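Written below as C-alpha cells is the structure these notes are about.
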Amino acid sequence: MSLETKLAILLGLVAAAAIAGVVWRVRTGRAKSVKPKSGAADGPSVDLRELAAIKDGELVTAFGSATTFLQFSSEYCTQCRQTARLLSELEQADDSILHIEVDITNRLELAKKYAILQTPTTLVLDSRGRIRSRIGGAAKPNVIQEEIQKASFEI
Amino acid sequence: MSNRDLTAPNGIDPRGPRFGAAITSVLLLITVFLGLDSATEAAGFALLAVIDALFLVGATLGNSRHPYGWLFKKLVRPRLDAPKELEDPRPPQFAQTVGFLVASLGLVTSAFGFEYGVALFAGFAFVAAFLNAAFAYCLGCQIWLGLRRLGLIRG
C-alpha cells in the first residue's frame, strides 16, 4: 500500500470521527416534542404510582404545578450529574417546577416503557403529567429555559 | 438529590479519562497506519498488544490506577482549575472494558490470518477514543444501557 493511500485512510478516519462528534454535539440535549398518537386526544402521560420515584426520602405523589422534569439516570452515566445539578437549581428557584430523578439501572421495565436508550433522558411533563417533550442526553440550559417558557404560555 | 445511588464510589475528575483517551487515540492512529502495510504489520500488532494491556489495566484497576491517570494527576491536573463536578469512575472503567474487547478482537483476528485485523479494530477503537477525547462522548457509556436492556450485561 502506498504512503499516500495510507495517509488518506488515516485522514478519512479522523474526518469521519470528527463529523460523528459534531453531529452528536448538535443533536444531543435537544427537546423533541411528543405528540398524541393520531386519533387520541391526549398524549402519553406518566403514572406516578408506577414510577414510585423517591425524592428527599419521600415518595413523589404530585407533579409540579407548571412543569415537571423527569430525569432518567443510571449508574453508568457520565452526564447525569450535570443535568441533575442544572434541573435542581431551577427547581429551587421556581416553586412551579419539580425535578424528579429516577435511576433505571435496575428498573429496566421503565426503560422499556419510555423507550430509553441513553441516560440521561429527561421527559418534560405538564401539570397533569402528560409528556410534552423528551430530551436525550445532557440537557442544554437554553433548551430547558424554552421548555419552561412554553409551559407558561399554556397556563 | 433524589434516589441517586449513595453507595457510588468517590467521584473522579472527568478530564482524567479524556486525557487518557487523547493519548490512546494517537497511539491507535499510529497502530492503524502500521497495520495497513504488511511490512509494518508486526509492529502494529505489538503496539496494539501494548494498548490492549493498558485497556486491561483500566478495566480491572480503574482509571485512577492507570498510568495515564497517574500522569494526569501528576502533570496535568495541577495546571487546571478545579473541575465543575466529579464523575462516577465506573462508566469510564466500563469504557476501558469495551476498548479491551475491541482491541483484543483485532489481535485475535490478526493472529488467525486476517490481514487487516489490526488496522480495522484499531480504527474502531480510535473513533471511540477520539470522540471521548475531543467531544467528551463516552461510547461505552452510551451502549451500556442498550446492552443491559438486551440482557447482555448485568447491573
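Every chain in the C-alpha cells has a letter given in the order shown (A, B, ...), and although residue numbers restart at 1 in each chain, ligands are simply numbered from 1 in the order shown.
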
Inset, instruction - For chain A, report every residue with an atom at most 10 Å from chain B (counting only C-alpha atoms), formatted as a ChimeraX atom specification. - result: /A:1-3,5-7,9-11,13-22,24-25,53-58,73-82,84-85,88,99-109,111-112,116-120,137

Can those selected residues be exported to a file as an mmCIF file, in the first residue's frame so that it contains C-alpha atoms?
```
data_model
loop_
_atom_site.group_PDB
_atom_site.id
_atom_site.type_symbol
_atom_site.label_atom_id
_atom_site.label_comp_id
_atom_site.auth_asym_id
_atom_site.auth_seq_id
_atom_site.Cartn_x
_atom_site.Cartn_y
_atom_site.Cartn_z
ATOM 1 C CA MET A 1 0.000 0.000 0.000
ATOM 2 C CA SER A 2 1.422 3.394 -0.956
ATOM 3 C CA LEU A 3 2.098 6.057 1.646
ATOM 4 C CA THR A 5 -3.193 5.671 0.364
ATOM 5 C CA LYS A 6 -2.335 5.054 3.983
ATOM 6 C CA LEU A 7 -2.373 8.748 4.841
ATOM 7 C CA ILE A 9 -7.166 6.348 5.109
ATOM 8 C CA LEU A 10 -5.937 7.984 8.322
ATOM 9 C CA LEU A 11 -7.308 11.345 7.240
ATOM 10 C CA LEU A 13 -10.772 8.064 9.748
ATOM 11 C CA VAL A 14 -10.112 11.303 11.639
ATOM 12 C CA ALA A 15 -12.617 13.200 9.472
ATOM 13 C CA ALA A 16 -15.323 10.554 9.987
ATOM 14 C CA ALA A 17 -14.813 10.615 13.756
ATOM 15 C CA ALA A 18 -14.865 14.427 13.817
ATOM 16 C CA ILE A 19 -18.086 14.566 11.772
ATOM 17 C CA ALA A 20 -19.703 11.968 14.044
ATOM 18 C CA GLY A 21 -18.694 14.074 17.048
ATOM 19 C CA VAL A 22 -20.115 17.292 15.614
ATOM 20 C CA TRP A 24 -23.684 14.166 18.168
ATOM 21 C CA ARG A 25 -22.939 17.566 19.746
ATOM 22 C CA ALA A 53 -39.892 7.890 42.495
ATOM 23 C CA ILE A 54 -38.273 8.841 45.781
ATOM 24 C CA LYS A 55 -37.358 12.470 46.352
ATOM 25 C CA ASP A 56 -35.754 13.684 49.572
ATOM 26 C CA GLY A 57 -36.648 10.362 51.173
ATOM 27 C CA GLU A 58 -40.338 10.541 50.270
ATOM 28 C CA SER A 73 -30.369 8.290 35.126
ATOM 29 C CA SER A 74 -28.222 5.210 35.526
ATOM 30 C CA GLU A 75 -25.077 4.147 37.288
ATOM 31 C CA TYR A 76 -23.097 4.195 34.083
ATOM 32 C CA CYS A 77 -23.763 7.773 33.182
ATOM 33 C CA THR A 78 -21.175 10.461 32.698
ATOM 34 C CA GLN A 79 -23.555 13.361 32.211
ATOM 35 C CA CYS A 80 -26.378 12.592 34.634
ATOM 36 C CA ARG A 81 -24.834 14.639 37.423
ATOM 37 C CA GLN A 82 -24.565 17.854 35.450
ATOM 38 C CA ALA A 84 -29.345 16.820 37.776
ATOM 39 C CA ARG A 85 -27.493 19.885 39.060
ATOM 40 C CA SER A 88 -32.411 21.002 40.728
ATOM 41 C CA HIS A 99 -37.347 17.780 39.256
ATOM 42 C CA ILE A 100 -37.610 14.021 39.711
ATOM 43 C CA GLU A 101 -34.647 11.745 39.124
ATOM 44 C CA VAL A 102 -35.114 8.004 38.714
ATOM 45 C CA ASP A 103 -32.240 5.542 38.478
ATOM 46 C CA ILE A 104 -33.228 2.936 35.899
ATOM 47 C CA THR A 105 -30.159 0.754 36.361
ATOM 48 C CA ASN A 106 -32.289 -1.923 37.982
ATOM 49 C CA ARG A 107 -35.651 -0.830 36.619
ATOM 50 C CA LEU A 108 -35.420 -1.885 33.017
ATOM 51 C CA GLU A 109 -39.207 -2.100 32.756
ATOM 52 C CA ALA A 111 -36.506 1.925 30.280
ATOM 53 C CA LYS A 112 -38.655 -0.254 28.054
ATOM 54 C CA ILE A 116 -34.960 4.994 26.888
ATOM 55 C CA LEU A 117 -31.767 4.167 25.053
ATOM 56 C CA GLN A 118 -29.418 6.571 26.761
ATOM 57 C CA THR A 119 -29.038 8.313 30.072
ATOM 58 C CA PRO A 120 -29.738 10.983 30.951
ATOM 59 C CA GLY A 137 -28.530 13.389 26.521
#
```

Legend entry - Near-region 64-76 of chain B list (6 Å; only C-alpha atoms; drop same-chain fewer than 6 positions) as a VMD selection string: chain B and resid 16 20 58

Legend entry - Among listed residues B:Ala82, B:Leu101, B:Phe19, B:Val108, nearest Ala59 (chain B) (using only C-alpha atoms): B:Leu101

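Atom pair CA of Ser96 (chain A) / CA of Ile144 (chain A) has a distance of 14.1 Å (rounded to one decimal).
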
Legend entry - Those in region 61-117 of chain A with strand (DSSP E) from DSSP, as a PyMOL selection string: chain A and resi 67-73+97-103

Please produce a file of those selected residues containing N, CA, C and O atoms, as a short mmCIF file (atom, residue, chain, number, x, y, z; two decimals), in the first residue's frame.
```cif
data_model
loop_
_atom_site.label_atom_id
_atom_site.label_comp_id
_atom_site.auth_asym_id
_atom_site.auth_seq_id
_atom_site.Cartn_x
_atom_site.Cartn_y
_atom_site.Cartn_z
N THR A 67 -44.37 22.70 35.47
CA THR A 67 -43.53 21.78 34.70
C THR A 67 -42.84 20.78 35.63
O THR A 67 -42.38 21.14 36.71
N THR A 68 -42.81 19.53 35.19
CA THR A 68 -42.02 18.52 35.90
C THR A 68 -40.96 18.00 34.94
O THR A 68 -41.27 17.65 33.80
N PHE A 69 -39.73 17.99 35.42
CA PHE A 69 -38.65 17.37 34.65
C PHE A 69 -38.36 16.00 35.26
O PHE A 69 -37.89 15.90 36.39
N LEU A 70 -38.71 14.97 34.50
CA LEU A 70 -38.48 13.61 34.97
C LEU A 70 -37.20 13.11 34.30
O LEU A 70 -37.17 12.82 33.11
N GLN A 71 -36.15 13.02 35.10
CA GLN A 71 -34.84 12.65 34.56
C GLN A 71 -34.55 11.18 34.86
O GLN A 71 -34.54 10.76 36.01
N PHE A 72 -34.31 10.42 33.82
CA PHE A 72 -33.89 9.03 33.99
C PHE A 72 -32.37 8.96 33.96
O PHE A 72 -31.74 9.44 33.01
N SER A 73 -31.82 8.39 35.01
CA SER A 73 -30.37 8.29 35.13
C SER A 73 -29.98 6.83 35.29
O SER A 73 -30.83 5.95 35.42
N ILE A 97 -41.83 24.39 39.46
CA ILE A 97 -41.04 23.38 38.76
C ILE A 97 -40.67 22.25 39.72
O ILE A 97 -40.29 22.49 40.87
N LEU A 98 -40.82 21.03 39.22
CA LEU A 98 -40.41 19.86 40.02
C LEU A 98 -39.39 19.06 39.21
O LEU A 98 -39.55 18.88 38.01
N HIS A 99 -38.35 18.64 39.90
CA HIS A 99 -37.35 17.78 39.26
C HIS A 99 -37.37 16.42 39.95
O HIS A 99 -37.20 16.32 41.15
N ILE A 100 -37.63 15.39 39.18
CA ILE A 100 -37.61 14.02 39.71
C ILE A 100 -36.49 13.28 39.00
O ILE A 100 -36.36 13.38 37.77
N GLU A 101 -35.69 12.55 39.76
CA GLU A 101 -34.65 11.75 39.12
C GLU A 101 -34.87 10.28 39.49
O GLU A 101 -35.04 9.94 40.66
N VAL A 102 -34.90 9.43 38.49
CA VAL A 102 -35.11 8.00 38.71
C VAL A 102 -33.94 7.23 38.13
O VAL A 102 -33.58 7.43 36.96
N ASP A 103 -33.34 6.39 38.95
CA ASP A 103 -32.24 5.54 38.48
C ASP A 103 -32.84 4.28 37.87
O ASP A 103 -33.50 3.50 38.54
#
```

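Distances from A:Leu87, A:Ile131, A:Ala66, A:Ala139 to Tyr114 (chain A) were compared using only C-alpha atoms, and the smallest one belongs to A:Ile131.
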
Legend entry - For Asp42 (chain A): contacts at 12 Å, only C-alpha atoms, fewer than 2 positions along chain excluded, given as a list in words: Val34, Lys35, Pro36, Lys37, Ser38, Gly39, Ala40, Pro44, Ser45, Val46, Asp126, Arg128, Gly129, Arg130, Ile131 and Arg132 of chain A

Inset, instruction - Name the residues of chain A that fall into alpha helix (DSSP H) according to DSSP on the backbone, using the chain letters and numbers of this document, as a PyMOL selection string. - result: chain A and resi 3-27+48-51+80-93+108-113+141-154

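Residue nearest Leu120 (chain B) within the list B:Ala46, B:Ile153, B:Ala133, B:Val102: B:Val102 [criterion: smallest interatomic distance, only C-alpha atoms].
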
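The coordinates place CA of Thr60 (chain B) at 21.1 Å from CA of Phe121 (chain B).
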
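Shell of Phe55 (chain B) at 8 Å, with only C-alpha atoms counted and residues fewer than 6 places along the chain excluded, is Gln96, Thr97, Gly99 and Phe100 of chain B.
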
Next, the residues of the selection above should be written as a JSON list (two decimals), in the first residue's frame with C-alpha atoms.
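The file below, part15.json, is the result:
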```
[["chain", "number", "residue", "atom", "x", "y", "z"],
["B", 96, "GLN", "CA", -11.99, 0.59, 29.16],
["B", 97, "THR", "CA", -13.54, -2.89, 29.15],
["B", 99, "GLY", "CA", -11.79, -0.90, 24.50],
["B", 100, "PHE", "CA", -10.10, -4.05, 25.74]]
```
